[in-house]
Amino acid sequence: MIPAERAYQVWLKLVASEELSKATLIGRHRELAERYGLEDIDQEILDQFHAEPGFRWNIENLRFRSAWTAGTAVSSYLPRTTAILTENREMWLQDMMYEYLAHHEWDALGFELAEVERFADYVRERVCRRRIVPRHLQAVLDFELAEIALIKRTKDLRPGDWPDRQVPADDELLAADLGWAPAVSLVECAYDIGQLDLGQDGSEPIGVKTSDEPVVSRSPTWFVLYIGSLSESIRHQKLSSGAAMVLDGFRGGARVDELTGAIAAEFGVDAAPMLALVRTWLAAGVLAPAGGE
Amino acid sequence: MPLRGVGLQLNPTVVWDIGLDALDAAGVEFDFAEVLCDVFAGPADSGYVIEPANRKLLEEWASRTPLIAHGNYGGEFGFAPLEQTLSVTRHLPVADFIESPWYSDHMFYGDRAVANMWSSPLQFSPAEVERVAGRAARLQDIFGRPICHENAFYYAPFPGSTISEAEFIAELVDRSGTYLHLDLHNIYANARNFEGYDAWQFLRTIPLDRVLEIHIAGGEVIDDWYHDLHNHPVPGPVWEMLEYVLASAPNVSGVCLETQGPAHTADSRRVSPVWVEEIKSDLERASAMWAAARADKTVEP
């Protein structure tokens, strides 16, 4: 009797090893028994796989499907990076995912953002080392990884953690202690990637240039990333340096009139635009009463 | 169980390329739509249970037609704790969201890598009947609605299989109290590829009174193997089996046509506008058969 779980473990070895699967296909798997630590029962399992004419399709279709599935995840959560790397060509992405998974011995991570993050490492460590990429690619990748990090953070949030997005009247607003809502990030990019068409939820067309010429300015740019609720996609807003300063001021919590008053005094600016930002951010779920009050 | 009629699986490889509006414009009609829970599930390592970008699409579809939940990569019958599988953590919320009257899974092993699934059918053995039946029964309790197991199309029986697939399925539902999602094209395809695999013996062995939903589809021969790729019109023998099952299975609530673009192999037929007429023709034929078999019953609105 062959225990099913044992057979499944052998199957996973076949998935992981192109050498073992090829050997099994042609009936030479027993020659690899020692190298792969295959006991008698494992070899019997491989005998049964080999005996099936359809085994070829098990493996071949699995490789195609694995690359396709991983590619779907990557293009969903790194849409701008993959658009730059593949010029939006589906089969180029499929090719790249095939090599990415082969590099990891076909150990796919499934429907998890961890797969996308691991692919980002692959892009940095292998893809960017073997071909010329746009100078702003790293900034785009960092931006998208910041989005992913924020999406992952939502796993730890409880229903009561989400802001109610109420905007108080002006007199209450000035006296309010506000801080960042739980799903917010402030990202500084070395390049002004706002010159690219970033889309809002990744499903919109991404306008990218394919030339190697710098297409975006090398100038620090700030974005706020935020998720208003679990029924909403992540959104971003490009910020001026001043707006970034205001938002950063609320990071650990601050009273509205004190923070805006201090910035207004230091830089000789009007507080009204800052208050307008605060109202916008409250409504969007970027800011919330500090300390959950 | 309410009668649904004849439905269409809204597979993204077809719907994204053809679009529901194009199907509407061509006069394609169906009584319900089958949705793939995996398409709408949020990443397992995020708080997104339902992917928000796709939630709106699901809401739009739900406003057009009743929806049925179909899980591909649920991992129900693998070796991880059941409560940690995508079926429970991600597909159940989708099934709840669309108010699906039942949930269909597949007779495959599954794990984190998901794509492994279609290449690893369950081992058809007495020991696995016992293990899988336990998980199936618990899954049905968790879901709070019938769980229907779809019989597999497979390229190779899993090592250690000692009984027929039909015997395995019959024993499974008897032990677990769960139901069947009878994929007639999978039976037809396996019968073409495996000597000794008798489609009609299969139908005589399984308990037809446990069948709630039926799949029909068409496939493709690639390198002397008939593949269940859902990319051609439904073949004649599948229609013959459908006629038999509709006459013999008293509890069938729906017949669903599957269509799919390339997802398993680069060699499969590409989606094109000509598919619209093929889909329409298959749905019309299925609807006529459904109407003839269910003349004394009414389809649930």
# chains A, B, ... in the order shown; residues from 1 in each chain; ligands from 1
>>> interface_residues(of="chain B", to="chain A", cutoff="10 Å", atoms="only C-alpha atoms", output="MDAnalysis selection string")
chainID B and resid 38 41:56 73 78:79 86 109:120 122:125 127:128 154:162 193:194 225 227 262:266
>>> residues_around(residues="B:Phe32", least_positions_apart="4", cutoff="8 Å", atoms="only C-alpha atoms", output="PDB file with N, CA and C atoms, in the first residue's frame")
ATOM      1  N   ARG B   4     -32.027  26.030 -11.040  1.00  0.00           N
ATOM      2  CA  ARG B   4     -31.371  27.195 -11.632  1.00  0.00           C
ATOM      3  C   ARG B   4     -31.482  27.191 -13.146  1.00  0.00           C
ATOM      4  N   GLY B   5     -31.426  26.070 -13.758  1.00  0.00           N
ATOM      5  CA  GLY B   5     -31.493  26.025 -15.221  1.00  0.00           C
ATOM      6  C   GLY B   5     -30.125  25.803 -15.827  1.00  0.00           C
ATOM      7  N   VAL B   6     -29.861  26.509 -16.908  1.00  0.00           N
ATOM      8  CA  VAL B   6     -28.605  26.348 -17.644  1.00  0.00           C
ATOM      9  C   VAL B   6     -27.765  27.599 -17.464  1.00  0.00           C
ATOM     10  N   GLY B   7     -26.516  27.412 -17.082  1.00  0.00           N
ATOM     11  CA  GLY B   7     -25.657  28.539 -16.783  1.00  0.00           C
ATOM     12  C   GLY B   7     -24.386  28.544 -17.588  1.00  0.00           C
ATOM     13  N   LEU B   8     -23.613  29.606 -17.394  1.00  0.00           N
ATOM     14  CA  LEU B   8     -22.331  29.793 -18.075  1.00  0.00           C
ATOM     15  C   LEU B   8     -21.273  30.107 -17.025  1.00  0.00           C
ATOM     16  N   THR B  65     -27.524  38.373 -12.836  1.00  0.00           N
ATOM     17  CA  THR B  65     -27.929  36.965 -12.843  1.00  0.00           C
ATOM     18  C   THR B  65     -27.550  36.300 -11.517  1.00  0.00           C
ATOM     19  N   PRO B  66     -28.253  35.247 -11.109  1.00  0.00           N
ATOM     20  CA  PRO B  66     -27.820  34.506  -9.922  1.00  0.00           C
ATOM     21  C   PRO B  66     -26.424  33.931 -10.139  1.00  0.00           C
ATOM     22  N   LEU B  67     -25.651  33.895  -9.074  1.00  0.00           N
ATOM     23  CA  LEU B  67     -24.268  33.419  -9.156  1.00  0.00           C
ATOM     24  C   LEU B  67     -24.074  32.176  -8.290  1.00  0.00           C
ATOM     25  N   ILE B  68     -23.231  31.271  -8.795  1.00  0.00           N
ATOM     26  CA  ILE B  68     -22.891  30.043  -8.075  1.00  0.00           C
ATOM     27  C   ILE B  68     -21.386  30.033  -7.849  1.00  0.00           C
TER      28      ILE B  68
END
>>> residues_around(residues="B:Ala137", least_positions_apart="6", cutoff="12 Å", atoms="only C-alpha atoms", output="short mmCIF file (atom, residue, chain, number, x, y, z; two decimals) with N, CA, C and O atoms, in the first residue's frame")
data_model
loop_
_atom_site.label_atom_id
_atom_site.label_comp_id
_atom_site.auth_asym_id
_atom_site.auth_seq_id
_atom_site.Cartn_x
_atom_site.Cartn_y
_atom_site.Cartn_z
N GLU B 76 -8.83 22.03 -0.43
CA GLU B 76 -9.62 21.35 0.61
C GLU B 76 -9.09 19.98 0.98
O GLU B 76 -9.24 19.54 2.12
N PHE B 77 -8.57 19.26 -0.01
CA PHE B 77 -8.26 17.85 0.23
C PHE B 77 -6.77 17.57 0.28
O PHE B 77 -6.35 16.43 0.16
N LEU B 82 -7.65 21.99 7.54
CA LEU B 82 -8.75 22.44 6.68
C LEU B 82 -9.06 23.92 6.90
O LEU B 82 -9.30 24.66 5.95
N VAL B 129 -10.49 7.60 0.92
CA VAL B 129 -11.93 7.83 1.05
C VAL B 129 -12.24 8.29 2.47
O VAL B 129 -12.95 9.27 2.70
N GLU B 130 -11.66 7.57 3.41
CA GLU B 130 -11.94 7.88 4.82
C GLU B 130 -11.42 9.27 5.19
O GLU B 130 -12.12 10.08 5.81
N ARG B 131 -10.18 9.57 4.80
CA ARG B 131 -9.59 10.87 5.15
C ARG B 131 -10.35 12.02 4.47
O ARG B 131 -10.71 13.00 5.12
N PHE B 143 -19.20 25.58 5.68
CA PHE B 143 -19.83 26.40 4.65
C PHE B 143 -21.31 26.63 4.91
O PHE B 143 -21.90 27.59 4.42
N GLY B 144 -21.92 25.71 5.63
CA GLY B 144 -23.35 25.87 5.91
C GLY B 144 -24.22 25.76 4.68
O GLY B 144 -25.30 26.36 4.61
N ARG B 145 -23.75 25.03 3.70
CA ARG B 145 -24.52 24.81 2.46
C ARG B 145 -23.92 23.58 1.79
O ARG B 145 -22.83 23.15 2.14
N PRO B 146 -24.63 22.99 0.84
CA PRO B 146 -24.09 21.78 0.20
C PRO B 146 -22.73 22.02 -0.43
O PRO B 146 -22.49 23.05 -1.08
N ILE B 147 -21.85 21.05 -0.22
CA ILE B 147 -20.56 21.03 -0.89
C ILE B 147 -20.65 19.98 -1.98
O ILE B 147 -21.03 18.83 -1.72
N CYS B 148 -20.31 20.38 -3.19
CA CYS B 148 -20.39 19.47 -4.34
C CYS B 148 -18.98 19.21 -4.84
O CYS B 148 -18.25 20.15 -5.13
N HIS B 149 -18.62 17.95 -4.96
CA HIS B 149 -17.28 17.58 -5.41
C HIS B 149 -17.30 17.32 -6.91
O HIS B 149 -18.06 16.48 -7.40
N LEU B 172 -17.29 8.14 -1.01
CA LEU B 172 -17.03 9.44 -0.36
C LEU B 172 -18.33 10.12 0.05
O LEU B 172 -18.50 10.50 1.21
N VAL B 173 -19.25 10.28 -0.88
CA VAL B 173 -20.47 11.03 -0.56
C VAL B 173 -21.37 10.24 0.38
O VAL B 173 -22.15 10.82 1.14
N ASP B 174 -21.25 8.91 0.32
CA ASP B 174 -22.04 8.10 1.25
C ASP B 174 -21.57 8.34 2.68
O ASP B 174 -22.37 8.45 3.61
N ARG B 175 -20.27 8.45 2.85
CA ARG B 175 -19.71 8.66 4.20
C ARG B 175 -19.89 10.08 4.70
O ARG B 175 -20.12 10.33 5.87
N SER B 176 -19.74 11.04 3.78
CA SER B 176 -19.66 12.44 4.22
C SER B 176 -21.00 13.15 4.20
O SER B 176 -21.17 14.19 4.85
N GLY B 177 -21.95 12.64 3.41
CA GLY B 177 -23.23 13.35 3.28
C GLY B 177 -23.13 14.56 2.38
O GLY B 177 -24.00 15.44 2.41
N THR B 178 -22.08 14.61 1.59
CA THR B 178 -21.93 15.73 0.66
C THR B 178 -22.50 15.37 -0.72
O THR B 178 -23.13 14.33 -0.87
N TYR B 179 -22.25 16.23 -1.68
CA TYR B 179 -22.94 16.11 -2.97
C TYR B 179 -21.94 16.07 -4.11
O TYR B 179 -20.73 16.12 -3.90
#
>>> residues_around(residues="stretch 75-84 of chain A", least_positions_apart="2", cutoff="6 Å", atoms="only C-alpha atoms", output="list in words")
Gly71, Thr72, Ala73, Thr86, Glu87, Asn88, Leu141, Glu144 and Gly202 of chain A
>>> select_by_dssp(residues="stretch 138-282 of chain B", states="strand (DSSP E)", output="number ranges by chain")
B: 147-150, 179-183, 211-216, 220-222, 225-227, 254-257
>>> write_last_selection(atoms="C-alpha atoms", output="PDB file, in the first residue's frame")
ATOM      1  CA  ILE B 147     -20.560  21.030  -0.891  1.00  0.00           C
ATOM      2  CA  CYS B 148     -20.390  19.467  -4.342  1.00  0.00           C
ATOM      3  CA  HIS B 149     -17.283  17.577  -5.407  1.00  0.00           C
ATOM      4  CA  GLU B 150     -16.356  17.818  -9.051  1.00  0.00           C
ATOM      5  CA  TYR B 179     -22.939  16.109  -2.965  1.00  0.00           C
ATOM      6  CA  LEU B 180     -21.625  15.877  -6.481  1.00  0.00           C
ATOM      7  CA  HIS B 181     -20.760  18.304  -9.217  1.00  0.00           C
ATOM      8  CA  LEU B 182     -20.800  15.955 -12.174  1.00  0.00           C
ATOM      9  CA  ASP B 183     -18.439  17.006 -14.922  1.00  0.00           C
ATOM     10  CA  VAL B 211     -25.742  15.379  -8.229  1.00  0.00           C
ATOM     11  CA  LEU B 212     -26.682  19.032  -7.853  1.00  0.00           C
ATOM     12  CA  GLU B 213     -24.768  20.571 -10.736  1.00  0.00           C
ATOM     13  CA  ILE B 214     -23.454  19.335 -14.071  1.00  0.00           C
ATOM     14  CA  HIS B 215     -20.604  20.667 -16.183  1.00  0.00           C
ATOM     15  CA  ILE B 216     -20.429  20.347 -19.929  1.00  0.00           C
ATOM     16  CA  GLU B 220      -8.883  19.537 -27.764  1.00  0.00           C
ATOM     17  CA  VAL B 221      -6.507  16.857 -28.978  1.00  0.00           C
ATOM     18  CA  ILE B 222      -2.866  17.865 -28.618  1.00  0.00           C
ATOM     19  CA  TRP B 225      -3.999  13.273 -25.901  1.00  0.00           C
ATOM     20  CA  TYR B 226      -7.510  14.613 -25.459  1.00  0.00           C
ATOM     21  CA  HIS B 227      -7.328  17.588 -23.083  1.00  0.00           C
ATOM     22  CA  GLY B 254     -28.181  23.406 -12.844  1.00  0.00           C
ATOM     23  CA  VAL B 255     -26.208  22.581 -15.973  1.00  0.00           C
ATOM     24  CA  CYS B 256     -23.229  24.831 -16.598  1.00  0.00           C
ATOM     25  CA  LEU B 257     -21.184  25.323 -19.750  1.00  0.00           C
TER      26      LEU B 257
END
>>> atom_distance(atom1="atom CA of A:His104", atom2="atom CA of A:Ser17")
10.1 Å
>>> residues_around(residues="B:Ala170", least_positions_apart="6", cutoff="10 Å", atoms="only C-alpha atoms", output="PyMOL selection string")
chain B and resi 129+164+179-180+202+205-208+210
>>> write_last_selection(atoms="N, CA, C and O atoms", output="compact mmCIF listing (two decimals), in the first residue's frame")
# COMPACT_ATOMS: atom_id res chain seq x y z
N VAL B 129 -10.49 7.60 0.92
CA VAL B 129 -11.93 7.83 1.05
C VAL B 129 -12.24 8.29 2.47
O VAL B 129 -12.95 9.27 2.70
N SER B 164 -11.66 2.25 -8.45
CA SER B 164 -11.99 3.17 -9.54
C SER B 164 -12.39 4.52 -8.99
O SER B 164 -12.81 4.65 -7.83
N TYR B 179 -22.25 16.23 -1.68
CA TYR B 179 -22.94 16.11 -2.97
C TYR B 179 -21.94 16.07 -4.11
O TYR B 179 -20.73 16.12 -3.90
N LEU B 180 -22.49 16.01 -5.31
CA LEU B 180 -21.63 15.88 -6.48
C LEU B 180 -21.86 16.97 -7.50
O LEU B 180 -22.99 17.41 -7.74
N PHE B 202 -19.17 4.49 -15.20
CA PHE B 202 -19.00 5.57 -14.22
C PHE B 202 -20.37 6.09 -13.80
O PHE B 202 -20.66 6.22 -12.61
N THR B 205 -22.33 3.86 -11.58
CA THR B 205 -21.73 3.58 -10.26
C THR B 205 -21.97 4.69 -9.25
O THR B 205 -22.20 4.43 -8.07
N ILE B 206 -21.90 5.92 -9.71
CA ILE B 206 -22.05 7.03 -8.75
C ILE B 206 -23.52 7.22 -8.39
O ILE B 206 -24.41 6.87 -9.18
N PRO B 207 -23.79 7.75 -7.21
CA PRO B 207 -25.19 8.00 -6.82
C PRO B 207 -25.72 9.25 -7.50
O PRO B 207 -25.43 10.38 -7.07
N LEU B 208 -26.49 9.09 -8.54
CA LEU B 208 -26.96 10.24 -9.31
C LEU B 208 -27.89 11.15 -8.51
O LEU B 208 -28.04 12.32 -8.84
N ARG B 210 -27.24 12.37 -5.80
CA ARG B 210 -26.42 13.34 -5.07
C ARG B 210 -25.91 14.45 -5.99
O ARG B 210 -25.23 15.37 -5.55
>>> select_by_dssp(residues="stretch 49-233 of chain A", states="helix (DSSP H, G or I)", output="number ranges by chain")
A: 49-51, 55-77, 79-86, 90-103, 113-130, 137-156, 159-161, 170-175, 193-195
>>> closest_residue(among="B:Asp282, B:Asp21, B:Glu258, B:Glu34", to="B:Gly236", atoms="only C-alpha atoms")
B:Asp282
>>> atom_distance(atom1="atom CA of A:Arg255", atom2="atom CA of A:Leu178")
6.2 Å
>>> residues_around(residues="A:Asp164", least_positions_apart="4", cutoff="9 Å", atoms="only C-alpha atoms", output="VMD selection string")
chain A and resid 282 to 283 285 288
>>> write_last_selection(atoms="N, CA and C atoms", output="PDB file, in the first residue's frame")
ATOM      1  N   LEU A 282      -8.982  63.471   6.168  1.00  0.00           N
ATOM      2  CA  LEU A 282      -9.944  62.862   7.081  1.00  0.00           C
ATOM      3  C   LEU A 282     -11.018  62.119   6.287  1.00  0.00           C
ATOM      4  N   ALA A 283     -11.502  62.756   5.247  1.00  0.00           N
ATOM      5  CA  ALA A 283     -12.570  62.138   4.442  1.00  0.00           C
ATOM      6  C   ALA A 283     -12.071  60.899   3.707  1.00  0.00           C
ATOM      7  N   GLY A 285      -9.711  58.890   4.789  1.00  0.00           N
ATOM      8  CA  GLY A 285      -9.235  57.841   5.687  1.00  0.00           C
ATOM      9  C   GLY A 285      -7.732  57.833   5.842  1.00  0.00           C
ATOM     10  N   ALA A 288      -7.042  60.242  11.164  1.00  0.00           N
ATOM     11  CA  ALA A 288      -8.119  59.804  12.048  1.00  0.00           C
ATOM     12  C   ALA A 288      -7.824  60.376  13.430  1.00  0.00           C
TER      13      ALA A 288
END
>>> atom_distance(atom1="atom CA of A:Trp92", atom2="atom CA of B:Leu57")
27.6 Å
>>> closest_residue(among="B:Ala295, B:Ile187, B:Ala80, B:Val94", to="B:Pro237", atoms="only C-alpha atoms")
B:Ile187
>>> residues_around(residues="A:Phe250", least_positions_apart="4", cutoff="7 Å", atoms="only C-alpha atoms", output="PyMOL selection string")
chain A and resi 178-180+246+254
>>> write_last_selection(atoms="C-alpha atoms", output="tab-separated table (two decimals), in the first residue's frame")
chain	number	residue	atom	x	y	z
A	178	LEU	CA	-5.26	63.64	14.72
A	179	GLY	CA	-2.85	60.95	13.66
A	180	TRP	CA	-2.35	58.63	10.77
A	246	VAL	CA	2.20	68.44	7.13
A	254	ALA	CA	-0.75	66.21	16.76
